[in-house]
Amino acid sequence: MQYAILIYGNEQAMMSADKASTEAVLGAYRAYTDAVQQAGILVGSNRLRPSQAATTVRIAEGKSQVLNGPYADTKEQLGGYYVVDVADLDAAIAWGSRCPGAQYGTIEVRPIWEMTDY
C-alpha cells in the first residue's frame, strides 16, 4: 500500500540556519533518500519551495479566487514529501520516524487513496 510521508517544519528557521546546519540537514536527507531507494519502496519524493511561492486557489460563489502565498498562517509548513509503497501502516510509520524532519518538525503519515478506490 502507498503512503505519503509529509514533512512539516518551520521554514523560517530553516531559511535562516547557518551553512553548516543546512549542510547537515541536507546530508541527513540524502542518506534517508538513499535508504528509502535501497529498500525499494520509494515511489516519489520532492522538496517544496517556500510557502511564499505558493498560490492558493479556491472557489467562492462560483468564481475562482487565486491568492499568492499560503492559505493558512501556521508555525509549521509543508516542506516536502516522500511516497512509499510498504506492507502496512506500521512500516510507513517506521519509515516516517526515520525521516530527518521528525527531529525538528512533524511528520504526517497518510495512506494514499488511489482514484481507482472510489
# chains A, B, ... in the order shown; residues from 1 in each chain; ligands from 1
$ select_by_dssp --residues "chain A" --states "strand (DSSP E)" --output "count of residues only"
41
$ closest_atom_pairs --of "range 6-71 of chain A" --to "range 92-111 of chain A" --cutoff "10 Å" --atoms "only C-alpha atoms" --output "CSV"
residue,atom,partner,partner_atom,distance
A:Leu6,CA,A:Glu108,CA,5.0
A:Ile7,CA,A:Ile107,CA,4.9
A:Tyr8,CA,A:Thr106,CA,5.1
A:Gly9,CA,A:Gly105,CA,4.4
A:Asn10,CA,A:Gly105,CA,7.0
A:Glu11,CA,A:Gly105,CA,9.8
A:Ala13,CA,A:Tyr104,CA,9.9
A:Met14,CA,A:Tyr104,CA,9.7
A:Val25,CA,A:Pro100,CA,7.3
A:Leu26,CA,A:Pro100,CA,9.1
A:Gly27,CA,A:Pro100,CA,9.6
A:Ala28,CA,A:Pro100,CA,6.2
A:Tyr29,CA,A:Pro100,CA,6.2
A:Arg30,CA,A:Pro100,CA,9.7
A:Ala31,CA,A:Pro100,CA,9.4
A:Tyr32,CA,A:Cys99,CA,6.5
A:Thr33,CA,A:Cys99,CA,8.8
A:Ala35,CA,A:Trp95,CA,9.7
A:Val36,CA,A:Trp95,CA,8.1
A:Ile41,CA,A:Ala92,CA,10.0
$ write_last_selection --atoms "N, CA and C atoms" --output "PDB file, in the first residue's frame"
ATOM      1  N   LEU A   6       4.581  13.128   4.862  1.00  0.00           N
ATOM      2  CA  LEU A   6       4.545  14.576   4.682  1.00  0.00           C
ATOM      3  C   LEU A   6       5.415  15.244   5.746  1.00  0.00           C
ATOM      4  N   ILE A   7       6.276  16.125   5.332  1.00  0.00           N
ATOM      5  CA  ILE A   7       7.284  16.723   6.205  1.00  0.00           C
ATOM      6  C   ILE A   7       6.920  18.175   6.491  1.00  0.00           C
ATOM      7  N   TYR A   8       6.609  18.464   7.747  1.00  0.00           N
ATOM      8  CA  TYR A   8       6.268  19.826   8.168  1.00  0.00           C
ATOM      9  C   TYR A   8       7.372  20.361   9.070  1.00  0.00           C
ATOM     10  N   GLY A   9       7.733  21.597   8.860  1.00  0.00           N
ATOM     11  CA  GLY A   9       8.745  22.206   9.703  1.00  0.00           C
ATOM     12  C   GLY A   9       8.627  23.717   9.646  1.00  0.00           C
ATOM     13  N   ASN A  10       9.430  24.365  10.440  1.00  0.00           N
ATOM     14  CA  ASN A  10       9.453  25.823  10.484  1.00  0.00           C
ATOM     15  C   ASN A  10      10.399  26.304   9.387  1.00  0.00           C
ATOM     16  N   GLU A  11       9.823  26.678   8.247  1.00  0.00           N
ATOM     17  CA  GLU A  11      10.671  27.054   7.117  1.00  0.00           C
ATOM     18  C   GLU A  11      11.466  28.323   7.396  1.00  0.00           C
ATOM     19  N   ALA A  13      12.928  29.089  10.212  1.00  0.00           N
ATOM     20  CA  ALA A  13      14.132  28.635  10.920  1.00  0.00           C
ATOM     21  C   ALA A  13      15.103  27.973   9.944  1.00  0.00           C
ATOM     22  N   MET A  14      14.569  27.189   9.021  1.00  0.00           N
ATOM     23  CA  MET A  14      15.430  26.513   8.054  1.00  0.00           C
ATOM     24  C   MET A  14      16.109  27.524   7.127  1.00  0.00           C
ATOM     25  N   VAL A  25      21.607  19.026   7.639  1.00  0.00           N
ATOM     26  CA  VAL A  25      20.234  18.582   7.368  1.00  0.00           C
ATOM     27  C   VAL A  25      20.137  17.981   5.971  1.00  0.00           C
ATOM     28  N   LEU A  26      20.710  18.654   4.985  1.00  0.00           N
ATOM     29  CA  LEU A  26      20.659  18.137   3.620  1.00  0.00           C
ATOM     30  C   LEU A  26      21.382  16.797   3.506  1.00  0.00           C
ATOM     31  N   GLY A  27      22.468  16.645   4.227  1.00  0.00           N
ATOM     32  CA  GLY A  27      23.173  15.362   4.244  1.00  0.00           C
ATOM     33  C   GLY A  27      22.323  14.255   4.844  1.00  0.00           C
ATOM     34  N   ALA A  28      21.611  14.580   5.905  1.00  0.00           N
ATOM     35  CA  ALA A  28      20.715  13.595   6.529  1.00  0.00           C
ATOM     36  C   ALA A  28      19.610  13.195   5.559  1.00  0.00           C
ATOM     37  N   TYR A  29      19.066  14.151   4.816  1.00  0.00           N
ATOM     38  CA  TYR A  29      18.034  13.835   3.817  1.00  0.00           C
ATOM     39  C   TYR A  29      18.597  12.997   2.674  1.00  0.00           C
ATOM     40  N   ARG A  30      19.825  13.278   2.246  1.00  0.00           N
ATOM     41  CA  ARG A  30      20.431  12.455   1.190  1.00  0.00           C
ATOM     42  C   ARG A  30      20.574  11.009   1.665  1.00  0.00           C
ATOM     43  N   ALA A  31      21.005  10.825   2.892  1.00  0.00           N
ATOM     44  CA  ALA A  31      21.159   9.477   3.441  1.00  0.00           C
ATOM     45  C   ALA A  31      19.804   8.783   3.576  1.00  0.00           C
ATOM     46  N   TYR A  32      18.792   9.509   4.032  1.00  0.00           N
ATOM     47  CA  TYR A  32      17.448   8.945   4.167  1.00  0.00           C
ATOM     48  C   TYR A  32      16.894   8.544   2.795  1.00  0.00           C
ATOM     49  N   THR A  33      17.063   9.420   1.815  1.00  0.00           N
ATOM     50  CA  THR A  33      16.593   9.120   0.467  1.00  0.00           C
ATOM     51  C   THR A  33      17.295   7.894  -0.089  1.00  0.00           C
ATOM     52  N   ALA A  35      18.479   5.417   1.628  1.00  0.00           N
ATOM     53  CA  ALA A  35      17.959   4.252   2.347  1.00  0.00           C
ATOM     54  C   ALA A  35      16.590   3.832   1.815  1.00  0.00           C
ATOM     55  N   VAL A  36      15.729   4.803   1.538  1.00  0.00           N
ATOM     56  CA  VAL A  36      14.398   4.504   1.007  1.00  0.00           C
ATOM     57  C   VAL A  36      14.529   3.888  -0.388  1.00  0.00           C
ATOM     58  N   ILE A  41      11.305   0.912  -1.880  1.00  0.00           N
ATOM     59  CA  ILE A  41       9.927   1.314  -1.556  1.00  0.00           C
ATOM     60  C   ILE A  41       9.586   2.720  -2.031  1.00  0.00           C
TER      61      ILE A  41
END
$ atom_distance --atom1 "CA of Met115 in chain A" --atom2 "CA of Gln77 in chain A"
26.0 Å
$ closest_residue --among "A:Arg47, A:Met1, A:Glu61, A:Thr22" --to "Leu78 in chain A" --atoms "only C-alpha atoms"
A:Arg47
$ select_by_dssp --residues "chain A" --states "helix (DSSP H, G or I)" --output "VMD selection string"
chain A and resid 11 to 15 19 to 38 51 to 53 89 to 98 100 to 103 115 to 117
$ write_last_selection --atoms "N, CA and C atoms" --output "CSV table (one decimal), in the first residue's frame"
chain,number,residue,atom,x,y,z
A,11,GLU,N,9.8,26.7,8.2
A,11,GLU,CA,10.7,27.1,7.1
A,11,GLU,C,11.5,28.3,7.4
A,12,GLN,N,11.0,29.2,8.2
A,12,GLN,CA,11.7,30.4,8.6
A,12,GLN,C,13.0,30.1,9.3
A,13,ALA,N,12.9,29.1,10.2
A,13,ALA,CA,14.1,28.6,10.9
A,13,ALA,C,15.1,28.0,9.9
A,14,MET,N,14.6,27.2,9.0
A,14,MET,CA,15.4,26.5,8.1
A,14,MET,C,16.1,27.5,7.1
A,15,MET,N,15.4,28.5,6.7
A,15,MET,CA,15.9,29.5,5.8
A,15,MET,C,17.0,30.4,6.5
A,19,LYS,N,25.2,27.9,7.4
A,19,LYS,CA,25.6,26.9,6.3
A,19,LYS,C,25.9,25.5,6.8
A,20,ALA,N,26.5,25.4,7.9
A,20,ALA,CA,26.9,24.1,8.5
A,20,ALA,C,25.6,23.4,8.9
A,21,SER,N,24.7,24.0,9.5
A,21,SER,CA,23.5,23.4,9.9
A,21,SER,C,22.7,22.9,8.7
A,22,THR,N,22.6,23.8,7.7
A,22,THR,CA,21.9,23.4,6.5
A,22,THR,C,22.5,22.2,5.8
A,23,GLU,N,23.8,22.2,5.7
A,23,GLU,CA,24.5,21.1,5.1
A,23,GLU,C,24.3,19.8,5.8
A,24,ALA,N,24.2,19.9,7.2
A,24,ALA,CA,24.0,18.7,8.0
A,24,ALA,C,22.6,18.1,7.7
A,25,VAL,N,21.6,19.0,7.6
A,25,VAL,CA,20.2,18.6,7.4
A,25,VAL,C,20.1,18.0,6.0
A,26,LEU,N,20.7,18.7,5.0
A,26,LEU,CA,20.7,18.1,3.6
A,26,LEU,C,21.4,16.8,3.5
A,27,GLY,N,22.5,16.6,4.2
A,27,GLY,CA,23.2,15.4,4.2
A,27,GLY,C,22.3,14.3,4.8
A,28,ALA,N,21.6,14.6,5.9
A,28,ALA,CA,20.7,13.6,6.5
A,28,ALA,C,19.6,13.2,5.6
A,29,TYR,N,19.1,14.2,4.8
A,29,TYR,CA,18.0,13.8,3.8
A,29,TYR,C,18.6,13.0,2.7
A,30,ARG,N,19.8,13.3,2.2
A,30,ARG,CA,20.4,12.5,1.2
A,30,ARG,C,20.6,11.0,1.7
A,31,ALA,N,21.0,10.8,2.9
A,31,ALA,CA,21.2,9.5,3.4
A,31,ALA,C,19.8,8.8,3.6
A,32,TYR,N,18.8,9.5,4.0
A,32,TYR,CA,17.4,8.9,4.2
A,32,TYR,C,16.9,8.5,2.8
A,33,THR,N,17.1,9.4,1.8
A,33,THR,CA,16.6,9.1,0.5
A,33,THR,C,17.3,7.9,-0.1
A,34,ASP,N,18.6,7.8,0.1
A,34,ASP,CA,19.3,6.6,-0.3
A,34,ASP,C,18.8,5.3,0.3
A,35,ALA,N,18.5,5.4,1.6
A,35,ALA,CA,18.0,4.3,2.3
A,35,ALA,C,16.6,3.8,1.8
A,36,VAL,N,15.7,4.8,1.5
A,36,VAL,CA,14.4,4.5,1.0
A,36,VAL,C,14.5,3.9,-0.4
A,37,GLN,N,15.4,4.4,-1.2
A,37,GLN,CA,15.7,3.9,-2.5
A,37,GLN,C,16.2,2.5,-2.5
A,38,GLN,N,17.2,2.2,-1.6
A,38,GLN,CA,17.8,0.9,-1.5
A,38,GLN,C,16.8,-0.1,-0.9
A,51,SER,N,6.7,28.4,1.3
A,51,SER,CA,5.3,28.7,1.2
A,51,SER,C,5.0,30.0,0.5
A,52,GLN,N,5.9,31.0,0.6
A,52,GLN,CA,5.6,32.3,0.0
A,52,GLN,C,5.5,32.1,-1.6
A,53,ALA,N,6.1,31.0,-2.1
A,53,ALA,CA,6.0,30.8,-3.5
A,53,ALA,C,4.7,30.1,-3.9
A,89,LEU,N,0.6,0.2,7.6
A,89,LEU,CA,0.8,1.5,8.3
A,89,LEU,C,2.0,1.4,9.2
A,90,ASP,N,2.2,0.3,9.9
A,90,ASP,CA,3.3,0.2,10.8
A,90,ASP,C,4.7,0.4,10.1
A,91,ALA,N,4.8,-0.2,8.9
A,91,ALA,CA,6.0,0.0,8.1
A,91,ALA,C,6.2,1.5,7.7
A,92,ALA,N,5.0,2.1,7.3
A,92,ALA,CA,5.1,3.5,6.9
A,92,ALA,C,5.5,4.4,8.1
A,93,ILE,N,4.9,4.1,9.2
A,93,ILE,CA,5.3,4.9,10.4
A,93,ILE,C,6.8,4.7,10.8
A,94,ALA,N,7.3,3.5,10.6
A,94,ALA,CA,8.7,3.2,10.9
A,94,ALA,C,9.6,4.1,10.0
A,95,TRP,N,9.2,4.1,8.7
A,95,TRP,CA,10.0,5.0,7.8
A,95,TRP,C,9.8,6.4,8.1
A,96,GLY,N,8.6,6.8,8.4
A,96,GLY,CA,8.3,8.2,8.8
A,96,GLY,C,9.2,8.7,10.0
A,97,SER,N,9.3,7.8,10.9
A,97,SER,CA,10.1,8.1,12.1
A,97,SER,C,11.6,8.3,11.8
A,98,ARG,N,12.0,7.6,10.8
A,98,ARG,CA,13.4,7.8,10.4
A,98,ARG,C,13.7,9.0,9.6
A,100,PRO,N,14.5,12.6,8.6
A,100,PRO,CA,15.2,13.7,9.3
A,100,PRO,C,14.3,14.8,9.8
A,101,GLY,N,13.2,15.1,9.1
A,101,GLY,CA,12.3,16.1,9.5
A,101,GLY,C,11.6,15.8,10.9
A,102,ALA,N,11.6,14.6,11.3
A,102,ALA,CA,11.0,14.2,12.6
A,102,ALA,C,11.8,14.8,13.8
A,103,GLN,N,13.1,15.2,13.5
A,103,GLN,CA,13.9,15.7,14.6
A,103,GLN,C,13.6,17.2,14.9
A,115,MET,N,-7.3,6.9,-6.9
A,115,MET,CA,-8.5,7.3,-7.5
A,115,MET,C,-9.3,6.1,-8.0
A,116,THR,N,-8.7,5.0,-8.2
A,116,THR,CA,-9.4,3.7,-8.6
A,116,THR,C,-10.2,3.1,-7.4
A,117,ASP,N,-9.9,3.6,-6.2
A,117,ASP,CA,-10.5,3.1,-5.0
A,117,ASP,C,-11.9,3.6,-4.6
$ closest_residue --among "A:Ala54, A:Ile112, A:Ile59, A:Val66" --to "Tyr82 in chain A" --atoms "only C-alpha atoms"
A:Ile112
$ atom_distance --atom1 "CA of Arg49 in chain A" --atom2 "CA of Ser16 in chain A"
14.8 Å
$ atom_distance --atom1 "CA of Val57 in chain A" --atom2 "CA of Ser45 in chain A"
23.3 Å
